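Q: Following this line is entry32.txt, made up of compact mmCIF, N, CA and C atoms:
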# COMPACT_ATOMS: atom_id res chain seq x y z
N MET F 1 77.88 -10.16 -39.35
CA MET F 1 77.85 -11.45 -38.69
C MET F 1 76.67 -11.49 -37.73
N ARG F 2 75.91 -12.59 -37.78
CA ARG F 2 74.74 -12.71 -36.94
C ARG F 2 75.14 -13.20 -35.57
N PRO F 3 74.52 -12.66 -34.52
CA PRO F 3 74.82 -13.18 -33.19
C PRO F 3 74.35 -14.62 -33.08
N ILE F 4 74.94 -15.35 -32.16
CA ILE F 4 74.63 -16.77 -31.99
C ILE F 4 73.14 -16.97 -31.76
N LEU F 5 72.51 -16.11 -30.99
CA LEU F 5 71.09 -16.28 -30.71
C LEU F 5 70.23 -16.11 -31.94
N ALA F 6 70.74 -15.48 -32.98
CA ALA F 6 69.97 -15.28 -34.20
C ALA F 6 70.14 -16.44 -35.17
N LEU F 7 70.98 -17.41 -34.83
CA LEU F 7 71.12 -18.59 -35.69
C LEU F 7 69.76 -19.24 -35.84
N PRO F 8 69.61 -20.06 -36.84
CA PRO F 8 68.28 -20.62 -37.05
C PRO F 8 67.88 -21.60 -35.95
N LEU F 9 67.74 -21.07 -34.75
CA LEU F 9 67.13 -21.84 -33.67
C LEU F 9 65.65 -21.70 -33.91
N VAL F 10 65.18 -22.57 -34.74
CA VAL F 10 63.91 -22.36 -35.35
C VAL F 10 62.77 -22.92 -34.53
N VAL F 11 61.62 -22.81 -35.08
CA VAL F 11 60.41 -22.86 -34.30
C VAL F 11 59.80 -24.21 -34.10
N LEU F 12 59.39 -24.40 -32.92
CA LEU F 12 58.34 -25.37 -32.73
C LEU F 12 57.11 -24.48 -32.80
N LEU F 13 56.73 -24.22 -34.01
CA LEU F 13 55.71 -23.22 -34.27
C LEU F 13 54.38 -23.59 -33.65
N ALA F 14 54.16 -24.82 -33.54
CA ALA F 14 52.87 -25.24 -33.05
C ALA F 14 52.56 -24.66 -31.70
N PHE F 15 53.57 -24.42 -30.89
CA PHE F 15 53.31 -23.92 -29.55
C PHE F 15 52.93 -22.46 -29.55
N SER F 16 52.99 -21.81 -30.71
CA SER F 16 52.53 -20.43 -30.79
C SER F 16 51.10 -20.37 -31.28
N LEU F 17 50.56 -21.50 -31.73
CA LEU F 17 49.16 -21.54 -32.15
C LEU F 17 48.26 -21.46 -30.94
N PRO F 18 47.10 -20.85 -31.10
CA PRO F 18 46.17 -20.86 -29.97
C PRO F 18 45.71 -22.29 -29.74
N ALA F 19 45.84 -22.74 -28.52
CA ALA F 19 45.46 -24.11 -28.18
C ALA F 19 43.97 -24.17 -27.91
N PRO F 20 43.32 -25.28 -28.28
CA PRO F 20 41.92 -25.44 -27.90
C PRO F 20 41.83 -25.39 -26.37
N ALA F 21 40.68 -25.02 -25.85
CA ALA F 21 40.52 -24.85 -24.41
C ALA F 21 40.97 -26.08 -23.64
N ALA F 22 40.60 -27.26 -24.08
CA ALA F 22 41.00 -28.47 -23.36
C ALA F 22 42.50 -28.66 -23.39
N ALA F 23 43.11 -28.40 -24.55
CA ALA F 23 44.57 -28.55 -24.65
C ALA F 23 45.27 -27.53 -23.78
N ALA F 24 44.73 -26.32 -23.70
CA ALA F 24 45.34 -25.30 -22.87
C ALA F 24 45.32 -25.71 -21.40
N ASP F 25 44.20 -26.28 -20.95
CA ASP F 25 44.11 -26.74 -19.57
C ASP F 25 45.09 -27.87 -19.30
N GLU F 26 45.17 -28.82 -20.24
CA GLU F 26 46.08 -29.94 -20.07
C GLU F 26 47.53 -29.49 -20.13
N ALA F 27 47.84 -28.51 -20.97
CA ALA F 27 49.21 -28.03 -21.08
C ALA F 27 49.66 -27.33 -19.81
N ALA F 28 48.73 -26.77 -19.07
CA ALA F 28 49.08 -26.06 -17.84
C ALA F 28 49.54 -27.03 -16.76
N ALA F 29 49.01 -28.23 -16.77
CA ALA F 29 49.39 -29.22 -15.77
C ALA F 29 50.70 -29.87 -16.19
N PRO F 30 51.64 -30.02 -15.26
CA PRO F 30 52.90 -30.66 -15.64
C PRO F 30 52.67 -32.12 -16.01
N PRO F 31 53.30 -32.57 -17.11
CA PRO F 31 53.13 -33.97 -17.50
C PRO F 31 53.90 -34.89 -16.57
N ALA F 32 53.52 -36.14 -16.61
CA ALA F 32 54.24 -37.14 -15.83
C ALA F 32 55.66 -37.27 -16.38
N ALA F 33 56.62 -37.35 -15.52
CA ALA F 33 58.02 -37.48 -15.94
C ALA F 33 58.33 -38.93 -16.22
N THR F 34 57.91 -39.40 -17.40
CA THR F 34 58.04 -40.81 -17.72
C THR F 34 59.43 -41.17 -18.22
N GLU F 35 60.17 -40.20 -18.74
CA GLU F 35 61.45 -40.52 -19.34
C GLU F 35 62.56 -39.62 -18.79
N THR F 36 62.54 -39.35 -17.49
CA THR F 36 63.50 -38.41 -16.93
C THR F 36 64.94 -38.91 -17.02
N ALA F 37 65.15 -40.22 -17.10
CA ALA F 37 66.51 -40.74 -17.17
C ALA F 37 67.06 -40.72 -18.60
N ALA F 38 66.19 -40.50 -19.59
CA ALA F 38 66.62 -40.50 -20.98
C ALA F 38 67.45 -39.25 -21.27
N PRO F 39 68.38 -39.35 -22.21
CA PRO F 39 69.18 -38.17 -22.58
C PRO F 39 68.30 -37.07 -23.15
N LEU F 40 68.81 -35.86 -23.08
CA LEU F 40 68.11 -34.68 -23.59
C LEU F 40 68.68 -34.30 -24.95
N PHE F 41 67.79 -33.93 -25.87
CA PHE F 41 68.18 -33.52 -27.21
C PHE F 41 67.54 -32.19 -27.55
N ALA F 42 68.27 -31.34 -28.26
CA ALA F 42 67.73 -30.08 -28.76
C ALA F 42 67.34 -30.30 -30.21
N LEU F 43 66.06 -30.09 -30.51
CA LEU F 43 65.55 -30.20 -31.87
C LEU F 43 65.34 -28.77 -32.35
N ILE F 44 66.03 -28.40 -33.40
CA ILE F 44 66.02 -27.04 -33.90
C ILE F 44 65.27 -27.03 -35.23
N LEU F 45 64.19 -26.26 -35.27
CA LEU F 45 63.34 -26.20 -36.44
C LEU F 45 63.55 -24.88 -37.18
N ALA F 46 63.64 -24.97 -38.51
CA ALA F 46 63.84 -23.79 -39.35
C ALA F 46 62.83 -23.86 -40.51
N PRO F 47 62.57 -22.73 -41.12
CA PRO F 47 61.62 -22.75 -42.25
C PRO F 47 62.09 -23.70 -43.35
N GLY F 48 61.15 -24.49 -43.85
CA GLY F 48 61.43 -25.40 -44.95
C GLY F 48 60.93 -24.83 -46.26
N PRO F 49 61.02 -25.62 -47.33
CA PRO F 49 60.61 -25.12 -48.64
C PRO F 49 59.13 -24.78 -48.75
N ALA F 50 58.28 -25.37 -47.90
CA ALA F 50 56.85 -25.07 -47.94
C ALA F 50 56.45 -23.94 -46.98
N TRP F 51 57.41 -23.38 -46.25
CA TRP F 51 57.12 -22.24 -45.36
C TRP F 51 56.66 -21.06 -46.22
N LYS F 52 55.64 -20.35 -45.75
CA LYS F 52 55.10 -19.19 -46.46
C LYS F 52 55.68 -17.93 -45.84
N PRO F 53 56.73 -17.37 -46.43
CA PRO F 53 57.37 -16.18 -45.85
C PRO F 53 56.38 -15.03 -45.66
N GLY F 54 56.56 -14.34 -44.55
CA GLY F 54 55.71 -13.20 -44.26
C GLY F 54 54.39 -13.54 -43.60
N ARG F 55 54.08 -14.81 -43.49
CA ARG F 55 52.84 -15.24 -42.84
C ARG F 55 53.12 -15.71 -41.43
N PRO F 56 52.20 -15.44 -40.50
CA PRO F 56 52.42 -15.89 -39.11
C PRO F 56 52.24 -17.41 -38.99
N PHE F 57 52.65 -17.93 -37.85
CA PHE F 57 52.51 -19.36 -37.58
C PHE F 57 51.09 -19.85 -37.81
N THR F 58 50.12 -19.02 -37.41
CA THR F 58 48.71 -19.43 -37.50
C THR F 58 48.24 -19.61 -38.94
N GLU F 59 49.01 -19.13 -39.91
CA GLU F 59 48.64 -19.29 -41.32
C GLU F 59 49.55 -20.27 -42.06
N GLN F 60 50.25 -21.11 -41.32
CA GLN F 60 51.20 -22.03 -41.94
C GLN F 60 50.69 -23.47 -42.03
N GLY F 61 49.48 -23.74 -41.56
CA GLY F 61 48.95 -25.11 -41.60
C GLY F 61 49.62 -26.02 -40.59
N LEU F 62 49.81 -25.51 -39.37
CA LEU F 62 50.58 -26.24 -38.36
C LEU F 62 49.76 -26.99 -37.32
N ARG F 63 48.45 -27.10 -37.48
CA ARG F 63 47.65 -27.80 -36.47
C ARG F 63 48.15 -29.24 -36.27
N PRO F 64 48.42 -30.02 -37.32
CA PRO F 64 48.93 -31.39 -37.09
C PRO F 64 50.28 -31.38 -36.35
N HIS F 65 51.13 -30.41 -36.64
CA HIS F 65 52.41 -30.25 -35.96
C HIS F 65 52.17 -29.99 -34.47
N PHE F 66 51.28 -29.09 -34.16
CA PHE F 66 50.95 -28.78 -32.77
C PHE F 66 50.44 -30.02 -32.04
N ASP F 67 49.50 -30.72 -32.66
CA ASP F 67 48.93 -31.93 -32.04
C ASP F 67 50.01 -32.99 -31.81
N TYR F 68 50.90 -33.15 -32.76
CA TYR F 68 51.98 -34.14 -32.65
C TYR F 68 52.86 -33.84 -31.44
N TRP F 69 53.31 -32.59 -31.33
CA TRP F 69 54.21 -32.24 -30.22
C TRP F 69 53.47 -32.19 -28.89
N MET F 70 52.19 -31.83 -28.89
CA MET F 70 51.42 -31.84 -27.65
C MET F 70 51.31 -33.26 -27.11
N ALA F 71 51.18 -34.25 -27.98
CA ALA F 71 51.14 -35.65 -27.53
C ALA F 71 52.46 -36.03 -26.86
N HIS F 72 53.58 -35.60 -27.41
CA HIS F 72 54.88 -35.88 -26.78
C HIS F 72 55.01 -35.14 -25.46
N PHE F 73 54.49 -33.93 -25.40
CA PHE F 73 54.51 -33.16 -24.15
C PHE F 73 53.71 -33.87 -23.07
N ARG F 74 52.52 -34.30 -23.41
CA ARG F 74 51.65 -34.99 -22.43
C ARG F 74 52.27 -36.30 -21.96
N ALA F 75 53.07 -36.92 -22.82
CA ALA F 75 53.74 -38.19 -22.46
C ALA F 75 54.97 -37.95 -21.60
N GLY F 76 55.32 -36.67 -21.37
CA GLY F 76 56.45 -36.35 -20.51
C GLY F 76 57.79 -36.36 -21.20
N ARG F 77 57.81 -36.37 -22.53
CA ARG F 77 59.08 -36.42 -23.26
C ARG F 77 59.66 -35.03 -23.54
N ILE F 78 58.86 -33.99 -23.43
CA ILE F 78 59.33 -32.64 -23.74
C ILE F 78 59.61 -31.88 -22.45
N ALA F 79 60.85 -31.40 -22.33
CA ALA F 79 61.24 -30.58 -21.18
C ALA F 79 60.82 -29.14 -21.40
N SER F 80 60.91 -28.67 -22.63
CA SER F 80 60.55 -27.30 -22.99
C SER F 80 60.43 -27.24 -24.50
N ALA F 81 59.55 -26.38 -24.99
CA ALA F 81 59.39 -26.23 -26.43
C ALA F 81 58.70 -24.92 -26.73
N GLY F 82 58.98 -24.38 -27.90
CA GLY F 82 58.29 -23.18 -28.31
C GLY F 82 58.97 -22.47 -29.45
N PRO F 83 58.34 -21.38 -29.88
CA PRO F 83 58.87 -20.63 -31.01
C PRO F 83 60.15 -19.90 -30.66
N VAL F 84 60.95 -19.70 -31.66
CA VAL F 84 62.16 -18.88 -31.57
C VAL F 84 62.04 -17.90 -32.73
N GLY F 85 61.79 -16.66 -32.42
CA GLY F 85 61.58 -15.68 -33.48
C GLY F 85 60.26 -15.89 -34.18
N ALA F 86 60.17 -15.40 -35.41
CA ALA F 86 58.91 -15.42 -36.15
C ALA F 86 58.76 -16.62 -37.08
N ASP F 87 59.81 -17.45 -37.20
CA ASP F 87 59.71 -18.55 -38.16
C ASP F 87 60.47 -19.80 -37.77
N SER F 88 60.83 -19.91 -36.51
CA SER F 88 61.66 -21.04 -36.08
C SER F 88 61.17 -21.58 -34.74
N GLY F 89 61.78 -22.69 -34.29
CA GLY F 89 61.38 -23.26 -33.01
C GLY F 89 62.46 -24.12 -32.40
N LEU F 90 62.25 -24.45 -31.14
CA LEU F 90 63.20 -25.25 -30.38
C LEU F 90 62.41 -26.20 -29.49
N VAL F 91 62.82 -27.46 -29.48
CA VAL F 91 62.23 -28.46 -28.60
C VAL F 91 63.36 -29.11 -27.81
N LEU F 92 63.21 -29.18 -26.50
CA LEU F 92 64.13 -29.95 -25.66
C LEU F 92 63.41 -31.25 -25.34
N LEU F 93 63.90 -32.32 -25.90
CA LEU F 93 63.23 -33.62 -25.92
C LEU F 93 64.04 -34.68 -25.21
N ARG F 94 63.37 -35.51 -24.42
CA ARG F 94 63.98 -36.70 -23.84
C ARG F 94 63.72 -37.86 -24.80
N ALA F 95 64.79 -38.55 -25.17
CA ALA F 95 64.67 -39.71 -26.06
C ALA F 95 65.73 -40.73 -25.67
N ALA F 96 65.50 -41.97 -26.03
CA ALA F 96 66.41 -43.05 -25.66
C ALA F 96 67.82 -42.84 -26.20
N ASP F 97 67.91 -42.32 -27.42
CA ASP F 97 69.22 -42.13 -28.06
C ASP F 97 69.05 -41.23 -29.28
N GLN F 98 70.14 -40.97 -29.98
CA GLN F 98 70.12 -40.10 -31.16
C GLN F 98 69.15 -40.62 -32.22
N ALA F 99 69.18 -41.91 -32.47
CA ALA F 99 68.30 -42.48 -33.50
C ALA F 99 66.83 -42.27 -33.15
N ALA F 100 66.48 -42.43 -31.88
CA ALA F 100 65.09 -42.22 -31.47
C ALA F 100 64.70 -40.76 -31.62
N ALA F 101 65.58 -39.84 -31.23
CA ALA F 101 65.29 -38.41 -31.38
C ALA F 101 65.16 -38.04 -32.86
N ASP F 102 66.04 -38.59 -33.71
CA ASP F 102 65.95 -38.34 -35.15
C ASP F 102 64.61 -38.83 -35.70
N ALA F 103 64.17 -40.01 -35.27
CA ALA F 103 62.91 -40.58 -35.75
C ALA F 103 61.71 -39.73 -35.30
N ILE F 104 61.75 -39.24 -34.07
CA ILE F 104 60.66 -38.39 -33.57
C ILE F 104 60.57 -37.12 -34.40
N LEU F 105 61.69 -36.49 -34.67
CA LEU F 105 61.68 -35.28 -35.50
C LEU F 105 61.19 -35.60 -36.91
N ALA F 106 61.68 -36.68 -37.49
CA ALA F 106 61.31 -37.04 -38.87
C ALA F 106 59.82 -37.29 -39.03
N ALA F 107 59.15 -37.72 -37.96
CA ALA F 107 57.72 -38.01 -38.02
C ALA F 107 56.84 -36.77 -37.79
N ASP F 108 57.43 -35.64 -37.45
CA ASP F 108 56.68 -34.40 -37.26
C ASP F 108 55.96 -34.07 -38.57
N PRO F 109 54.64 -33.90 -38.55
CA PRO F 109 53.91 -33.59 -39.78
C PRO F 109 54.44 -32.35 -40.52
N ALA F 110 54.96 -31.36 -39.81
CA ALA F 110 55.49 -30.16 -40.46
C ALA F 110 56.82 -30.45 -41.16
N ILE F 111 57.58 -31.42 -40.65
CA ILE F 111 58.82 -31.84 -41.32
C ILE F 111 58.44 -32.62 -42.59
N VAL F 112 57.50 -33.55 -42.45
CA VAL F 112 57.05 -34.36 -43.58
C VAL F 112 56.50 -33.47 -44.69
N ALA F 113 55.75 -32.42 -44.33
CA ALA F 113 55.14 -31.52 -45.31
C ALA F 113 56.12 -30.48 -45.87
N GLY F 114 57.33 -30.40 -45.30
CA GLY F 114 58.30 -29.43 -45.78
C GLY F 114 58.10 -28.02 -45.24
N ILE F 115 57.21 -27.86 -44.27
CA ILE F 115 57.01 -26.54 -43.66
C ILE F 115 58.24 -26.18 -42.84
N PHE F 116 58.81 -27.18 -42.19
CA PHE F 116 60.04 -26.99 -41.43
C PHE F 116 61.10 -27.96 -41.91
N THR F 117 62.33 -27.60 -41.65
CA THR F 117 63.45 -28.53 -41.67
C THR F 117 63.94 -28.59 -40.23
N GLY F 118 64.69 -29.61 -39.90
CA GLY F 118 65.13 -29.70 -38.52
C GLY F 118 66.45 -30.43 -38.35
N THR F 119 67.07 -30.14 -37.23
CA THR F 119 68.27 -30.85 -36.83
C THR F 119 68.11 -31.29 -35.39
N VAL F 120 68.81 -32.35 -35.04
CA VAL F 120 68.77 -32.89 -33.69
C VAL F 120 70.20 -32.93 -33.16
N ARG F 121 70.39 -32.39 -31.98
CA ARG F 121 71.70 -32.40 -31.33
C ARG F 121 71.54 -32.84 -29.89
N ARG F 122 72.47 -33.63 -29.41
CA ARG F 122 72.49 -34.01 -28.00
C ARG F 122 72.68 -32.74 -27.18
N TYR F 123 71.96 -32.60 -26.10
CA TYR F 123 72.01 -31.40 -25.26
C TYR F 123 72.25 -31.84 -23.83
N ALA F 124 73.37 -31.44 -23.27
CA ALA F 124 73.73 -31.81 -21.90
C ALA F 124 74.11 -30.53 -21.16
N PRO F 125 73.12 -29.77 -20.70
CA PRO F 125 73.41 -28.49 -20.07
C PRO F 125 74.11 -28.66 -18.73
N PRO F 126 75.20 -27.91 -18.52
CA PRO F 126 75.89 -27.99 -17.23
C PRO F 126 75.16 -27.21 -16.14
N MET F 127 74.25 -26.33 -16.55
CA MET F 127 73.49 -25.53 -15.59
C MET F 127 72.01 -25.59 -15.94
N ILE F 128 71.19 -25.86 -14.95
CA ILE F 128 69.74 -25.87 -15.12
C ILE F 128 69.12 -25.15 -13.95
N ASN F 129 68.23 -24.23 -14.23
CA ASN F 129 67.49 -23.51 -13.20
C ASN F 129 66.01 -23.83 -13.40
N ALA F 130 65.53 -24.86 -12.74
CA ALA F 130 64.15 -25.30 -12.91
C ALA F 130 63.17 -24.19 -12.52
N ASP F 131 63.52 -23.38 -11.53
CA ASP F 131 62.62 -22.29 -11.13
C ASP F 131 62.46 -21.28 -12.26
N ALA F 132 63.53 -20.97 -12.95
CA ALA F 132 63.44 -20.02 -14.07
C ALA F 132 62.61 -20.60 -15.20
N LEU F 133 62.75 -21.89 -15.47
CA LEU F 133 61.95 -22.52 -16.51
C LEU F 133 60.48 -22.55 -16.15
N ALA F 134 60.18 -22.65 -14.86
CA ALA F 134 58.80 -22.75 -14.41
C ALA F 134 58.15 -21.39 -14.17
N ALA F 135 58.86 -20.30 -14.46
CA ALA F 135 58.31 -18.96 -14.23
C ALA F 135 57.01 -18.79 -15.00
N PRO F 136 56.04 -18.13 -14.39
CA PRO F 136 54.76 -17.94 -15.08
C PRO F 136 54.93 -17.11 -16.35
N ARG F 137 54.11 -17.44 -17.33
CA ARG F 137 54.11 -16.68 -18.58
C ARG F 137 53.40 -15.35 -18.32
N GLY F 138 53.91 -14.32 -18.96
CA GLY F 138 53.26 -13.04 -18.73
C GLY F 138 53.30 -12.13 -19.87
Mind converting the file's structure to structure tokens?
A:
Amino acid sequence: MRPILALPLVVLLAFSLPAPAAAADEAAAPPAATETAAPLFALILAPGPAWKPGRPFTEQGLRPHFDYWMAHFRAGRIASAGPVGADSGLVLLRAADQAAADAILAADPAIVAGIFTGTVRRYAPPMINADALAAPRG
């Protein structure tokens, strides 16, 4: 039996790609909190039929996926996002409702191309530690 953490909490693979210098600088700055009152959703990405097993994220053709999610991040809709393991990802997204979150996931170029499959679930955490989320990467 697989532990819960090993479930296909799959990748927002794009965030594991090396960002262009400008994108890296912009990603370091916190985005404007434009949708802080919107509900939070967990978008769970898993390998799709076009995923190339054994290849790293950088060899999966994910640049459009990265650019798509970076635009949502800059708009302040993403609370957190990144890879989970070697082939999966997780996005914590602010959206107006379930239908809006479903539409955002469906428009991801990696979903359209079949590189990933995804699910969207409402996420209402009873505990949040903003300091832990803001810890420097190391």
Q: Using Å and a single decimal, report how far CA of Pro136 in chain F sits from CA of Pro109 in chain F.
A: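 For CA of Pro109 in chain F relative to CA of Pro136 in chain F, the distance reads 29.3 Å.
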Q: Quick one: distance from CA of Ile111 in chain F to CA of Arg55 in chain F in Å, one decimal?
A: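 Distance between the two atoms: 17.7 Å.
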Q: Go through F:Ala124, F:Leu45, F:Asp87, F:Thr117 and flag the residue nearest Gln60 in chain F, using only C-alpha atoms for the distances.
A: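 The shortest atom-to-atom distance to Gln60 in chain F comes from F:Asp87.
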Q: Looking at all atoms listed in the file, which of F:Ala38, F:Leu133, F:Ala81, F:Val120 is the one that sits closest to Ala101 in chain F?
A: F:Val120
Q: Taking only C-alpha atoms into account, name the residue in F:Ala79, F:Ala37, F:Leu93, F:Ile44 that is nearest to Phe116 in chain F.
A: F:Ile44
Q: Quote the spacing between atom C of Ala42 in chain F and CA of Arg122 in chain F in Å to one decimal place.
A: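 Between atom C of Ala42 in chain F and CA of Arg122 in chain F the gap is 6.7 Å.
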Q: Within 10 Å of Tyr123 in chain F, counting only C-alpha atoms, which residues show up once you throw out same-chain ones fewer than 5 positions away? Write them as a PyMOL selection string, please.
A: chain F and resi 39-43+92-94
Q: Compile the contact shell of Pro64 in chain F as number ranges by chain: residues with an atom at most 7 Å away, counting all atoms listed in the file, same-chain residues fewer than 4 positions apart removed.
A: F: 68-69, 108-110
Q: Would you please work out which residue, of F:Pro83, F:Asp102, F:Ala71, F:Ile78, is nearest to Pro56 in chain F when using only C-alpha atoms?
A: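 Of all the options, F:Pro83 lies closest to Pro56 in chain F.
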Q: Give me the residues near Val112 in chain F as a ChimeraX atom specification, where near means some atom within 12 Å (using only C-alpha atoms) and where sequence neighbours in that chain fewer than 6 positions away do not count.
A: /F:48-50,62,64-65,103-106,118
Q: Return the single residue from F:Thr119, F:Pro126, F:Arg63, F:Ala113 that is closest to Trp51 in chain F, with distances computed using only C-alpha atoms.
A: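 Using only C-alpha atoms, Trp51 in chain F sits closest to F:Ala113.
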